[in-house]
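So this block is final-v5.txt, compact mmCIF, C-alpha atoms:
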```txt
# COMPACT_ATOMS: atom_id res chain seq x y z
CA MET C 1 0.00 0.00 0.00
CA ASN C 2 1.27 3.48 -0.74
CA ARG C 3 3.23 5.18 1.95
CA VAL C 4 1.61 8.34 3.31
CA THR C 5 3.78 11.35 4.06
CA CYS C 6 3.02 14.78 5.39
CA ASP C 7 5.17 17.91 5.20
CA LEU C 8 4.10 20.72 7.47
CA SER C 9 5.78 24.04 8.25
CA ILE C 10 5.05 24.99 11.83
CA SER C 11 6.07 27.49 14.45
CA LEU C 12 8.03 26.56 17.56
CA ASP C 13 4.75 26.46 19.46
CA GLY C 14 3.17 24.11 16.94
CA PHE C 15 1.00 26.35 14.80
CA ALA C 16 0.74 25.55 11.12
CA ALA C 17 -0.87 28.78 10.02
CA GLY C 18 -1.72 32.07 11.58
CA THR C 19 -4.90 34.01 11.66
CA GLY C 20 -5.83 36.46 8.92
CA GLN C 21 -6.12 34.33 5.79
CA ARG C 22 -7.64 36.60 3.18
CA LEU C 23 -8.53 36.75 -0.48
CA ASP C 24 -7.73 40.40 -1.11
CA ALA C 25 -4.01 39.86 -0.78
CA PRO C 26 -1.20 38.77 -3.05
CA PHE C 27 -0.46 35.16 -3.85
CA GLY C 28 0.27 33.12 -0.80
CA ASP C 29 -1.85 34.80 1.82
CA GLY C 30 -3.73 31.58 2.33
CA VAL C 31 -1.14 30.94 5.02
CA GLY C 32 -2.29 33.91 7.10
CA ASP C 33 -0.44 36.61 8.96
CA ASP C 34 2.27 34.37 10.38
CA GLY C 35 2.37 32.01 7.45
CA HIS C 36 5.06 33.94 5.67
CA ASP C 37 7.38 33.52 8.64
CA LEU C 38 6.67 29.80 8.70
CA HIS C 39 7.31 29.31 4.99
CA ARG C 40 10.21 31.72 4.59
CA TRP C 41 12.74 28.86 4.58
CA MET C 42 11.25 27.71 1.27
CA PHE C 43 11.98 30.99 -0.46
CA ALA C 44 14.88 32.62 1.39
CA GLU C 45 17.34 29.73 1.30
CA PRO C 46 16.12 27.29 -1.35
CA GLU C 47 19.59 25.97 -2.12
CA GLN C 48 20.14 25.04 1.54
CA HIS C 49 16.90 23.10 1.67
CA ALA C 50 16.78 21.58 -1.79
CA GLU C 51 16.18 18.05 -0.56
CA GLU C 52 13.35 19.00 1.79
CA LEU C 53 11.74 21.25 -0.83
CA ALA C 54 11.83 18.49 -3.43
CA GLY C 55 10.23 16.15 -0.90
CA VAL C 56 7.23 18.38 -0.43
CA THR C 57 6.05 17.86 -4.00
CA ALA C 58 7.43 14.38 -4.73
CA ALA C 59 4.20 12.47 -4.12
CA GLY C 60 2.09 10.73 -6.74
CA ALA C 61 -1.10 12.23 -5.33
CA TYR C 62 -2.11 14.71 -2.62
CA VAL C 63 -4.88 15.18 -0.08
CA MET C 64 -5.68 18.75 0.92
CA GLY C 65 -7.97 20.20 3.54
CA ARG C 66 -10.76 22.51 2.53
CA ASN C 67 -9.31 25.49 4.41
CA MET C 68 -5.97 25.06 2.71
CA PHE C 69 -7.62 25.17 -0.69
CA SER C 70 -10.33 27.74 -0.29
CA PRO C 71 -10.28 31.27 0.99
CA GLY C 72 -12.84 31.59 3.75
CA ARG C 73 -14.64 29.41 6.19
CA GLY C 74 -18.17 28.61 5.10
CA GLU C 75 -18.11 30.23 1.70
CA TRP C 76 -17.60 28.45 -1.57
CA ASP C 77 -16.61 30.39 -4.66
CA LEU C 78 -16.67 28.38 -7.89
CA SER C 79 -14.28 30.81 -9.55
CA TRP C 80 -11.64 30.04 -6.92
CA THR C 81 -8.86 27.75 -8.15
CA GLY C 82 -6.53 27.87 -5.17
CA TRP C 83 -3.77 30.11 -3.82
CA TRP C 84 -1.11 28.88 -6.19
CA GLY C 85 -1.91 30.64 -9.47
CA PRO C 86 -2.44 28.88 -12.81
CA ASN C 87 0.44 26.40 -12.36
CA PRO C 88 0.37 24.95 -8.81
CA PRO C 89 3.46 23.16 -7.52
CA TYR C 90 1.82 19.74 -7.19
CA HIS C 91 1.93 18.56 -10.81
CA GLY C 92 -0.43 15.70 -10.06
CA PRO C 93 -3.88 14.94 -8.66
CA VAL C 94 -4.90 16.80 -5.50
CA PHE C 95 -7.95 15.53 -3.61
CA VAL C 96 -9.58 18.39 -1.74
CA LEU C 97 -11.80 17.59 1.25
CA THR C 98 -15.03 19.54 1.09
CA HIS C 99 -18.75 19.36 1.79
CA HIS C 100 -19.56 20.99 -1.56
CA GLU C 101 -19.72 19.00 -4.79
CA ARG C 102 -17.68 20.58 -7.53
CA ALA C 103 -16.30 19.48 -10.88
CA SER C 104 -12.58 18.76 -11.02
CA ILE C 105 -10.32 21.63 -12.11
CA GLU C 106 -7.45 20.88 -14.43
CA MET C 107 -4.63 23.38 -13.95
CA GLU C 108 -1.45 23.97 -15.90
CA GLY C 109 1.54 21.74 -15.27
CA GLY C 110 -0.36 18.57 -14.47
CA THR C 111 -2.12 19.60 -11.26
CA THR C 112 -5.80 18.61 -11.10
CA PHE C 113 -7.96 19.49 -8.12
CA HIS C 114 -10.61 16.86 -7.36
CA PHE C 115 -13.27 17.56 -4.75
CA VAL C 116 -14.17 14.78 -2.35
CA THR C 117 -17.35 15.05 -0.32
CA ASP C 118 -17.42 11.66 1.38
CA GLY C 119 -14.75 12.23 3.99
CA PRO C 120 -11.05 11.81 4.69
CA GLU C 121 -10.99 8.02 4.37
CA ALA C 122 -12.47 8.22 0.88
CA ALA C 123 -10.08 11.01 -0.10
CA LEU C 124 -7.08 9.01 1.05
CA GLU C 125 -8.33 5.94 -0.80
CA ARG C 126 -8.75 7.88 -4.02
CA ALA C 127 -5.31 9.41 -3.61
CA ARG C 128 -3.78 5.96 -3.07
CA GLU C 129 -5.42 4.73 -6.26
CA ALA C 130 -4.15 7.75 -8.18
CA ALA C 131 -0.61 7.68 -6.80
CA GLY C 132 0.52 4.59 -8.67
CA ASP C 133 3.77 3.34 -7.17
CA LYS C 134 4.56 6.70 -5.58
CA HIS C 135 3.56 7.87 -2.12
CA VAL C 136 0.58 9.97 -1.08
CA ALA C 137 1.13 13.31 0.65
CA ILE C 138 -1.23 15.01 3.09
CA THR C 139 -0.62 18.68 2.34
CA GLY C 140 -2.42 20.29 5.29
CA GLY C 141 -3.69 22.37 6.92
CA ALA C 142 -3.23 21.40 10.51
CA ALA C 143 -6.83 20.33 11.07
CA THR C 144 -6.63 17.88 8.18
CA VAL C 145 -3.25 16.57 9.27
CA ASN C 146 -4.62 16.08 12.79
CA GLN C 147 -7.47 13.95 11.44
CA TYR C 148 -5.08 11.63 9.63
CA LEU C 149 -2.65 11.55 12.56
CA ALA C 150 -5.45 10.61 14.96
CA ALA C 151 -6.42 7.78 12.60
CA GLY C 152 -2.80 6.58 12.47
CA GLN C 153 -2.63 7.00 8.72
CA ILE C 154 0.53 9.06 8.34
CA ASP C 155 3.66 6.96 7.92
CA GLU C 156 6.14 9.79 7.77
CA LEU C 157 5.62 13.20 9.35
CA ARG C 158 8.12 15.79 8.20
CA LEU C 159 7.99 18.95 10.28
CA HIS C 160 9.76 22.12 9.28
CA VAL C 161 9.96 24.12 12.50
CA THR C 162 10.67 27.83 12.26
CA PRO C 163 12.09 29.28 15.51
CA VAL C 164 9.26 31.71 16.06
CA VAL C 165 6.52 31.64 18.69
CA VAL C 166 3.23 32.88 17.20
CA GLY C 167 0.68 32.05 19.90
CA GLN C 168 -2.34 31.55 17.64
CA GLY C 169 -3.61 29.76 14.57
CA GLU C 170 -4.28 26.14 13.67
CA ARG C 171 -2.28 23.91 15.95
CA LEU C 172 -0.72 20.64 14.95
CA PHE C 173 -1.55 17.65 17.22
CA THR C 174 -4.79 19.10 18.62
CA GLY C 175 -7.15 16.21 19.30
CA VAL C 176 -4.63 13.60 18.20
CA GLY C 177 -4.47 12.02 21.66
CA HIS C 178 -1.54 10.09 23.04
CA LYS C 179 0.81 8.88 20.35
CA ALA C 180 4.40 7.68 20.35
CA LEU C 181 6.49 8.43 17.27
CA ARG C 182 10.06 7.71 16.30
CA LEU C 183 12.49 10.48 15.44
CA ILE C 184 14.23 9.50 12.21
CA SER C 185 16.25 12.57 11.38
CA SER C 186 16.87 16.17 12.36
CA ARG C 187 18.72 18.81 10.39
CA CYS C 188 18.84 22.51 11.01
CA THR C 189 19.91 25.90 9.80
CA PRO C 190 19.33 29.02 11.90
CA MET C 191 16.10 29.52 9.96
CA VAL C 192 14.44 26.12 10.24
CA ASN C 193 14.70 22.68 11.81
CA HIS C 194 13.74 19.77 9.56
CA LEU C 195 12.45 16.83 11.57
CA THR C 196 11.28 13.50 10.20
CA TYR C 197 9.14 11.24 12.36
CA GLY C 198 7.87 7.72 11.73
CA ASN C 199 5.53 5.51 13.69
CA ALA C 200 7.13 4.03 16.80
CA MET B 1 25.56 40.02 33.61
CA ASN B 2 25.13 36.29 34.01
CA ARG B 3 23.76 34.43 31.05
CA VAL B 4 20.39 32.74 31.70
CA THR B 5 19.77 29.27 30.32
CA CYS B 6 16.81 26.97 30.46
CA ASP B 7 16.72 23.22 29.83
CA LEU B 8 13.27 21.76 29.38
CA SER B 9 12.19 18.26 28.36
CA ILE B 10 8.98 18.49 26.35
CA SER B 11 6.70 16.37 24.23
CA LEU B 12 6.30 16.85 20.50
CA ASP B 13 3.17 18.86 21.20
CA GLY B 14 4.99 21.13 23.61
CA PHE B 15 4.00 19.83 27.04
CA ALA B 16 6.62 19.93 29.76
CA ALA B 17 4.84 17.72 32.25
CA GLY B 18 1.74 15.62 32.28
CA THR B 19 -1.12 15.43 34.67
CA GLY B 20 -1.05 13.23 37.75
CA GLN B 21 1.80 14.57 39.83
CA ARG B 22 1.50 12.80 43.17
CA LEU B 23 3.26 12.39 46.48
CA ASP B 24 2.43 8.76 47.15
CA ALA B 25 4.68 7.51 44.39
CA PRO B 26 8.31 6.65 44.04
CA PHE B 27 10.98 9.26 43.50
CA GLY B 28 10.45 11.27 40.37
CA ASP B 29 6.69 11.39 40.11
CA GLY B 30 6.78 15.16 40.34
CA VAL B 31 6.87 15.00 36.55
CA GLY B 32 3.44 13.39 36.32
CA ASP B 33 2.05 10.56 34.26
CA ASP B 34 3.78 11.49 31.03
CA GLY B 35 6.87 12.90 32.68
CA HIS B 36 8.70 9.62 32.63
CA ASP B 37 8.38 9.45 28.85
CA LEU B 38 9.69 12.98 28.55
CA HIS B 39 12.69 12.40 30.80
CA ARG B 40 13.54 8.86 29.69
CA TRP B 41 16.42 10.11 27.52
CA MET B 42 18.20 11.17 30.71
CA PHE B 43 18.19 7.68 32.15
CA ALA B 44 17.97 5.26 29.23
CA GLU B 45 20.86 6.54 27.16
CA PRO B 46 22.99 8.71 29.45
CA GLU B 47 26.19 8.05 27.53
CA GLN B 48 24.61 9.27 24.28
CA HIS B 49 23.52 12.51 25.89
CA ALA B 50 26.42 13.20 28.23
CA GLU B 51 26.95 16.76 27.04
CA GLU B 52 23.28 17.72 27.30
CA LEU B 53 22.93 16.07 30.72
CA ALA B 54 25.97 17.88 32.04
CA GLY B 55 24.51 21.14 30.74
CA VAL B 56 21.34 20.75 32.77
CA THR B 57 23.19 21.06 36.07
CA ALA B 58 26.14 23.24 35.05
CA ALA B 59 24.75 26.53 36.31
CA GLY B 60 26.01 28.52 39.28
CA ALA B 61 22.47 29.01 40.58
CA TYR B 62 18.93 27.91 39.70
CA VAL B 63 15.42 29.31 39.68
CA MET B 64 12.59 26.82 40.15
CA GLY B 65 8.83 27.18 39.95
CA ARG B 66 6.74 26.33 42.96
CA ASN B 67 4.94 23.45 41.20
CA MET B 68 8.23 21.90 40.23
CA PHE B 69 9.39 21.93 43.82
CA SER B 70 6.31 21.08 45.76
CA PRO B 71 3.80 18.27 45.46
CA GLY B 72 0.36 19.75 45.13
CA ARG B 73 -1.28 22.95 44.06
CA GLY B 74 -2.28 25.10 46.99
CA GLU B 75 -0.82 23.00 49.79
CA TRP B 76 2.43 23.66 51.54
CA ASP B 77 4.09 20.93 53.57
CA LEU B 78 7.10 22.07 55.60
CA SER B 79 8.44 18.52 55.76
CA TRP B 80 8.68 18.43 51.97
CA THR B 81 12.23 18.85 50.64
CA GLY B 82 11.66 18.22 46.93
CA TRP B 83 11.36 15.25 44.60
CA TRP B 84 15.06 14.58 44.42
CA GLY B 85 15.86 12.82 47.68
CA PRO B 86 18.52 13.94 50.16
CA ASN B 87 21.13 14.78 47.50
CA PRO B 88 19.51 16.74 44.66
CA PRO B 89 21.38 17.06 41.35
CA TYR B 90 21.82 20.83 41.52
CA HIS B 91 24.79 21.09 43.90
CA GLY B 92 24.24 24.80 44.30
CA PRO B 93 21.65 27.38 45.35
CA VAL B 94 18.13 26.88 44.02
CA PHE B 95 15.69 29.79 44.34
CA VAL B 96 12.15 28.48 44.57
CA LEU B 97 9.27 30.79 43.63
CA THR B 98 6.49 30.63 46.20
CA HIS B 99 3.94 32.70 48.05
CA HIS B 100 4.82 31.03 51.36
CA GLU B 101 7.76 32.19 53.47
CA ARG B 102 9.98 29.32 54.48
CA ALA B 103 13.51 28.96 55.87
CA SER B 104 16.18 27.78 53.44
CA ILE B 105 16.83 24.04 53.34
CA GLU B 106 20.40 22.87 53.06
CA MET B 107 20.57 19.47 51.37
CA GLU B 108 23.46 17.08 50.88
CA GLY B 109 25.91 17.68 48.07
CA GLY B 110 25.76 21.46 48.07
CA THR B 111 22.15 22.04 47.04
CA THR B 112 20.33 24.67 49.08
CA PHE B 113 16.70 25.54 48.46
CA HIS B 114 15.90 29.19 49.09
CA PHE B 115 12.28 30.35 49.01
CA VAL B 116 11.52 33.64 47.28
CA THR B 117 8.19 35.32 47.89
CA ASP B 118 8.69 38.58 46.03
CA GLY B 119 8.32 37.35 42.48
CA PRO B 120 10.27 36.06 39.48
CA GLU B 121 12.34 39.23 38.96
CA ALA B 122 13.59 39.08 42.54
CA ALA B 123 14.32 35.36 42.27
CA LEU B 124 16.33 35.86 39.10
CA GLU B 125 18.25 38.74 40.68
CA ARG B 126 19.13 36.64 43.72
CA ALA B 127 20.19 33.77 41.47
CA ARG B 128 22.41 36.10 39.44
CA GLU B 129 24.08 37.31 42.62
CA ALA B 130 24.63 33.77 43.81
CA ALA B 131 25.89 32.39 40.49
CA GLY B 132 29.27 34.14 40.57
CA ASP B 133 30.83 33.95 37.13
CA LYS B 134 28.65 31.01 36.08
CA HIS B 135 25.27 31.17 34.38
CA VAL B 136 21.82 30.99 35.93
CA ALA B 137 19.43 28.20 34.91
CA ILE B 138 15.65 28.34 34.97
CA THR B 139 14.73 24.75 35.83
CA GLY B 140 10.99 24.82 35.12
CA GLY B 141 8.20 23.93 35.10
CA ALA B 142 6.62 25.26 31.97
CA ALA B 143 4.60 28.00 33.68
CA THR B 144 7.75 29.45 35.22
CA VAL B 145 9.70 29.18 31.98
CA ASN B 146 6.85 30.92 30.17
CA GLN B 147 7.04 33.84 32.61
CA TYR B 148 10.74 34.34 31.95
CA LEU B 149 10.35 33.82 28.20
CA ALA B 150 7.58 36.42 28.06
CA ALA B 151 9.87 38.84 29.88
CA GLY B 152 12.69 38.14 27.41
CA GLN B 153 15.01 36.97 30.18
CA ILE B 154 16.16 33.62 28.81
CA ASP B 155 19.30 33.86 26.70
CA GLU B 156 19.53 30.21 25.74
CA LEU B 157 16.57 27.85 25.57
CA ARG B 158 17.56 24.21 25.29
CA LEU B 159 14.64 21.97 24.46
CA HIS B 160 14.83 18.21 24.66
CA VAL B 161 11.92 17.03 22.55
CA THR B 162 10.70 13.45 22.96
CA PRO B 163 8.77 12.16 19.94
CA VAL B 164 5.55 11.54 21.81
CA VAL B 165 2.26 13.42 21.62
CA VAL B 166 0.68 13.65 25.09
CA GLY B 167 -2.20 16.07 24.57
CA GLN B 168 -2.30 17.52 28.09
CA GLY B 169 -0.24 19.06 30.83
CA GLU B 170 1.68 22.30 31.23
CA ARG B 171 2.49 23.71 27.83
CA LEU B 172 5.61 25.59 26.93
CA PHE B 173 5.08 28.98 25.22
CA THR B 174 1.55 29.53 26.56
CA GLY B 175 1.09 33.27 27.01
CA VAL B 176 4.54 34.11 25.70
CA GLY B 177 3.16 36.06 22.72
CA HIS B 178 4.95 36.58 19.44
CA LYS B 179 8.67 35.98 19.69
CA ALA B 180 11.38 35.28 17.15
CA LEU B 181 14.25 33.06 18.23
CA ARG B 182 17.37 31.77 16.51
CA LEU B 183 18.03 28.07 16.11
CA ILE B 184 21.62 27.47 17.19
CA SER B 185 21.91 23.71 17.09
CA SER B 186 19.94 20.52 16.66
CA ARG B 187 21.05 16.99 17.43
CA CYS B 188 18.93 13.88 17.61
CA THR B 189 18.73 10.23 18.48
CA PRO B 190 15.55 8.23 17.89
CA MET B 191 14.61 8.98 21.50
CA VAL B 192 15.09 12.74 21.71
CA ASN B 193 15.86 15.85 19.72
CA HIS B 194 18.12 18.40 21.43
CA LEU B 195 17.47 21.91 20.22
CA THR B 196 19.24 25.06 21.34
CA TYR B 197 17.65 28.44 20.69
CA GLY B 198 18.99 31.92 21.29
CA ASN B 199 17.39 35.32 20.93
CA ALA B 200 17.03 36.41 17.30
```
With the file now loaded, output its structure as structure tokens.
Amino acid sequence: MNRVTCDLSISLDGFAAGTGQRLDAPFGDGVGDDGHDLHRWMFAEPEQHAEELAGVTAAGAYVMGRNMFSPGRGEWDLSWTGWWGPNPPYHGPVFVLTHHERASIEMEGGTTFHFVTDGPEAALERAREAAGDKHVAITGGAATVNQYLAAGQIDELRLHVTPVVVGQGERLFTGVGHKALRLISSRCTPMVNHLTYGNA
Amino acid sequence: MNRVTCDLSISLDGFAAGTGQRLDAPFGDGVGDDGHDLHRWMFAEPEQHAEELAGVTAAGAYVMGRNMFSPGRGEWDLSWTGWWGPNPPYHGPVFVLTHHERASIEMEGGTTFHFVTDGPEAALERAREAAGDKHVAITGGAATVNQYLAAGQIDELRLHVTPVVVGQGERLFTGVGHKALRLISSRCTPMVNHLTYGNA
């Protein structure tokens, strides 16, 4: 069965995104007010993090939470095609969890957003089928990752911890319960600590 | 002025101690139900973590929160001399934050517990005076560390992160607000990740 990975950029206090996600802002503001801090390592020092960056988009298929894809909570805009512009970085099928039926959107560069209304299990199953012999990646946000963590369905959790305390946002591990993991690797620069965890 | 360090063993979700601290238990149960998991690296693989272990008790003086020293919340037992037995590992002056006046307790091996009733600033000042040319260490628990972090008084924060999610307890960084740190070093074994942070 396909391995399931998850890359998540978080703050030192475990938040995956800040408050203040908004549509009327330049590309990328889906991550919220603190999100830029948390994702700066991807843009400021790409050569120092080439391996980790490549890993984020190396899956055969992706599962994405509704809040990561769409702008607001509770609204649903059919003209919205994600935060990533016409050519998203996934270059493969992305299964978006939602309660609203919607036709798939084929983007440039091989990314297709599919909308799954029958829950996280179904989304993961469809992603496994689509991934071929590659792995499946849970892209976030934190609430979605927490669901899959609680269900024990993430084989490899790769955290990218920025040394900043933000105090608010969506927190990783909320509601996950007691869980023992195994620390596989740790690598750091002053800007970020890359940690890879497997199941114990 | 003396440098201020803080070593804290935490879970992956940022908890420094679990629930269930109790007196009627063998030595060490001041750390609570999950505390043994969080501190296992100190006992299970001491040779692999010799440098970090030595660092924990290398200060000239210590500041300790009341809950770390004493058994219950709200009670105060004058026969209580800490969780560490007759010869605590500090071998120097330990300034315990409390609201209850109490005479100092001289233990074996050079540890003396002093009780400070006029607040964290006063405790830190007394520890600085007592530390000579060595540094001062904030020993915990999380609530006390959070107070000093919020006040910007910790120069070097050394986290020892055990790959376990515990979901409850005293959480590091609660109430600290927005704060940027600098990641100085990271070293890991499968059992623990040692992280050292300085001020940005």
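With atom CA of His100 of chain B on one side and atom CA of Ala130 of chain B on the other, the separation reads 21.4 Å.
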Surrounding residues of Glu121 of chain B excluding itself and chain neighbours under 2 positions, 10 Å, all atoms listed in the file, as a VMD selection string: chain B and resid 118 to 119 123 to 127 147 to 148 151 153
Dump as a PDB file, in the coordinates of the input, selection limited to C-alpha atoms:
```pdb
ATOM      1  CA  ASP B 118       8.690  38.580  46.030  1.00  0.00           C
ATOM      2  CA  GLY B 119       8.320  37.350  42.480  1.00  0.00           C
ATOM      3  CA  ALA B 123      14.320  35.360  42.270  1.00  0.00           C
ATOM      4  CA  LEU B 124      16.330  35.860  39.100  1.00  0.00           C
ATOM      5  CA  GLU B 125      18.250  38.740  40.680  1.00  0.00           C
ATOM      6  CA  ARG B 126      19.130  36.640  43.720  1.00  0.00           C
ATOM      7  CA  ALA B 127      20.190  33.770  41.470  1.00  0.00           C
ATOM      8  CA  GLN B 147       7.040  33.840  32.610  1.00  0.00           C
ATOM      9  CA  TYR B 148      10.740  34.340  31.950  1.00  0.00           C
ATOM     10  CA  ALA B 151       9.870  38.840  29.880  1.00  0.00           C
ATOM     11  CA  GLN B 153      15.010  36.970  30.180  1.00  0.00           C
TER      12      GLN B 153
END
```
Mind checking which residues fall within 10 Å of segment 171-180 of chain B, counting all atoms listed in the file, ignoring those fewer than 2 positions away in the same chain, and posting them as a PyMOL selection string? (chain C and resi 11-14+34+37+162-168) or (chain B and resi 8-11+13-18+140-152+167-169+182-183+197-200)
Keeping only C-alpha atoms, write the selected residues to a file as a PDB file, keeping the file's coordinate frame.
```pdb
ATOM      1  CA  SER C  11       6.070  27.490  14.450  1.00  0.00           C
ATOM      2  CA  LEU C  12       8.030  26.560  17.560  1.00  0.00           C
ATOM      3  CA  ASP C  13       4.750  26.460  19.460  1.00  0.00           C
ATOM      4  CA  GLY C  14       3.170  24.110  16.940  1.00  0.00           C
ATOM      5  CA  ASP C  34       2.270  34.370  10.380  1.00  0.00           C
ATOM      6  CA  ASP C  37       7.380  33.520   8.640  1.00  0.00           C
ATOM      7  CA  THR C 162      10.670  27.830  12.260  1.00  0.00           C
ATOM      8  CA  PRO C 163      12.090  29.280  15.510  1.00  0.00           C
ATOM      9  CA  VAL C 164       9.260  31.710  16.060  1.00  0.00           C
ATOM     10  CA  VAL C 165       6.520  31.640  18.690  1.00  0.00           C
ATOM     11  CA  VAL C 166       3.230  32.880  17.200  1.00  0.00           C
ATOM     12  CA  GLY C 167       0.680  32.050  19.900  1.00  0.00           C
ATOM     13  CA  GLN C 168      -2.340  31.550  17.640  1.00  0.00           C
TER      14      GLN C 168
ATOM     15  CA  LEU B   8      13.270  21.760  29.380  1.00  0.00           C
ATOM     16  CA  SER B   9      12.190  18.260  28.360  1.00  0.00           C
ATOM     17  CA  ILE B  10       8.980  18.490  26.350  1.00  0.00           C
ATOM     18  CA  SER B  11       6.700  16.370  24.230  1.00  0.00           C
ATOM     19  CA  ASP B  13       3.170  18.860  21.200  1.00  0.00           C
ATOM     20  CA  GLY B  14       4.990  21.130  23.610  1.00  0.00           C
ATOM     21  CA  PHE B  15       4.000  19.830  27.040  1.00  0.00           C
ATOM     22  CA  ALA B  16       6.620  19.930  29.760  1.00  0.00           C
ATOM     23  CA  ALA B  17       4.840  17.720  32.250  1.00  0.00           C
ATOM     24  CA  GLY B  18       1.740  15.620  32.280  1.00  0.00           C
ATOM     25  CA  GLY B 140      10.990  24.820  35.120  1.00  0.00           C
ATOM     26  CA  GLY B 141       8.200  23.930  35.100  1.00  0.00           C
ATOM     27  CA  ALA B 142       6.620  25.260  31.970  1.00  0.00           C
ATOM     28  CA  ALA B 143       4.600  28.000  33.680  1.00  0.00           C
ATOM     29  CA  THR B 144       7.750  29.450  35.220  1.00  0.00           C
ATOM     30  CA  VAL B 145       9.700  29.180  31.980  1.00  0.00           C
ATOM     31  CA  ASN B 146       6.850  30.920  30.170  1.00  0.00           C
ATOM     32  CA  GLN B 147       7.040  33.840  32.610  1.00  0.00           C
ATOM     33  CA  TYR B 148      10.740  34.340  31.950  1.00  0.00           C
ATOM     34  CA  LEU B 149      10.350  33.820  28.200  1.00  0.00           C
ATOM     35  CA  ALA B 150       7.580  36.420  28.060  1.00  0.00           C
ATOM     36  CA  ALA B 151       9.870  38.840  29.880  1.00  0.00           C
ATOM     37  CA  GLY B 152      12.690  38.140  27.410  1.00  0.00           C
ATOM     38  CA  GLY B 167      -2.200  16.070  24.570  1.00  0.00           C
ATOM     39  CA  GLN B 168      -2.300  17.520  28.090  1.00  0.00           C
ATOM     40  CA  GLY B 169      -0.240  19.060  30.830  1.00  0.00           C
ATOM     41  CA  ARG B 182      17.370  31.770  16.510  1.00  0.00           C
ATOM     42  CA  LEU B 183      18.030  28.070  16.110  1.00  0.00           C
ATOM     43  CA  TYR B 197      17.650  28.440  20.690  1.00  0.00           C
ATOM     44  CA  GLY B 198      18.990  31.920  21.290  1.00  0.00           C
ATOM     45  CA  ASN B 199      17.390  35.320  20.930  1.00  0.00           C
ATOM     46  CA  ALA B 200      17.030  36.410  17.300  1.00  0.00           C
TER      47      ALA B 200
END
```
Point (12.7, 25.1, 38.4) neighbourhood (9 Å, all atoms listed in the file) written as a list in words: Tyr62, Val63, Met64, Gly65, Arg66, Asn67, Met68, Phe69, Val94, Phe95, Val96, Leu97, Ala137, Ile138, Thr139, Gly140, Gly141, Ala142, Thr144 and Val145 of chain B
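Remark: for chain C, the closest of the candidate residues B:Trp83, B:His194, B:Ser186, B:Glu170 is B:Ser186 (distances computed over all atoms listed in the file).
One distance worth recording is that between atom CA of Ala50 of chain B and atom CA of Asn193 of chain B, which is 13.8 Å.
Shortest separation to chain B among C:Leu38, C:Glu51, C:Thr117, C:Gly109 occurs at residue C:Leu38, atoms counted being all atoms listed in the file.
The spacing separating atom CA of Ala58 of chain B from atom CA of Asp77 of chain B amounts to 28.9 Å.
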Output, as lines of an AutoDock Vina configuration file, the centre and edge lengths in Å (one decimal) of the axis-aligned box that contains all listed atoms of segment 39-42 of chain B with 8 Å of margin on each side.
```
center_x = 15.4
center_y = 10.6
center_z = 29.2
size_x = 21.5
size_y = 19.5
size_z = 19.3
```
Determine, counting all atoms listed in the file, which protein, DNA and RNA residues have an atom within 10 Å of an atom of Leu78 of chain C; residues of the same chain fewer than 3 positions away are not included. Present the result as an NGL selection string. :C and (70 or 75 or 81 or 102-103)
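Closest approach to chain C among B:Gln48, B:Thr189, B:Thr112, B:Thr5: B:Thr189, based on all atoms listed in the file.
Between chain C and the residues B:Leu195, B:Leu181, B:Thr111, B:Val136, the shortest atom-to-atom distance, using only C-alpha atoms, involves B:Leu181.
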Sel. within 12 Å of pt (18.0, 12.8, 45.0), counting all atoms listed in the file, output as a ChimeraX atom specification: /B:26-28,81-91,107-109,111
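Considering the residues C:Glu106, C:Val192, C:Asp155, C:Ala59 and counting all atoms listed in the file, Pro46 of chain C has its shortest atom-to-atom contact with C:Val192.
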Extract segment 172-179 of chain C from the preceding block and save N, CA and C atoms as a PDB file, in the first residue's frame.
```pdb
ATOM      1  N   LEU C 172      -0.975  22.042  15.204  1.00  0.00           N
ATOM      2  CA  LEU C 172      -0.717  20.635  14.953  1.00  0.00           C
ATOM      3  C   LEU C 172      -0.902  19.842  16.250  1.00  0.00           C
ATOM      4  N   PHE C 173      -1.402  18.631  16.127  1.00  0.00           N
ATOM      5  CA  PHE C 173      -1.552  17.646  17.222  1.00  0.00           C
ATOM      6  C   PHE C 173      -2.801  17.853  18.075  1.00  0.00           C
ATOM      7  N   THR C 174      -3.564  18.922  17.843  1.00  0.00           N
ATOM      8  CA  THR C 174      -4.789  19.102  18.619  1.00  0.00           C
ATOM      9  C   THR C 174      -5.742  17.930  18.354  1.00  0.00           C
ATOM     10  N   GLY C 175      -6.188  17.301  19.416  1.00  0.00           N
ATOM     11  CA  GLY C 175      -7.154  16.211  19.295  1.00  0.00           C
ATOM     12  C   GLY C 175      -6.575  14.889  18.829  1.00  0.00           C
ATOM     13  N   VAL C 176      -5.265  14.838  18.701  1.00  0.00           N
ATOM     14  CA  VAL C 176      -4.634  13.601  18.199  1.00  0.00           C
ATOM     15  C   VAL C 176      -4.549  12.538  19.293  1.00  0.00           C
ATOM     16  N   GLY C 177      -4.573  12.971  20.553  1.00  0.00           N
ATOM     17  CA  GLY C 177      -4.474  12.017  21.658  1.00  0.00           C
ATOM     18  C   GLY C 177      -3.041  11.601  21.907  1.00  0.00           C
ATOM     19  N   HIS C 178      -2.874  10.557  22.684  1.00  0.00           N
ATOM     20  CA  HIS C 178      -1.536  10.086  23.041  1.00  0.00           C
ATOM     21  C   HIS C 178      -0.983   9.235  21.908  1.00  0.00           C
ATOM     22  N   LYS C 179       0.230   9.575  21.487  1.00  0.00           N
ATOM     23  CA  LYS C 179       0.806   8.882  20.346  1.00  0.00           C
ATOM     24  C   LYS C 179       2.325   8.912  20.448  1.00  0.00           C
TER      25      LYS C 179
END
```
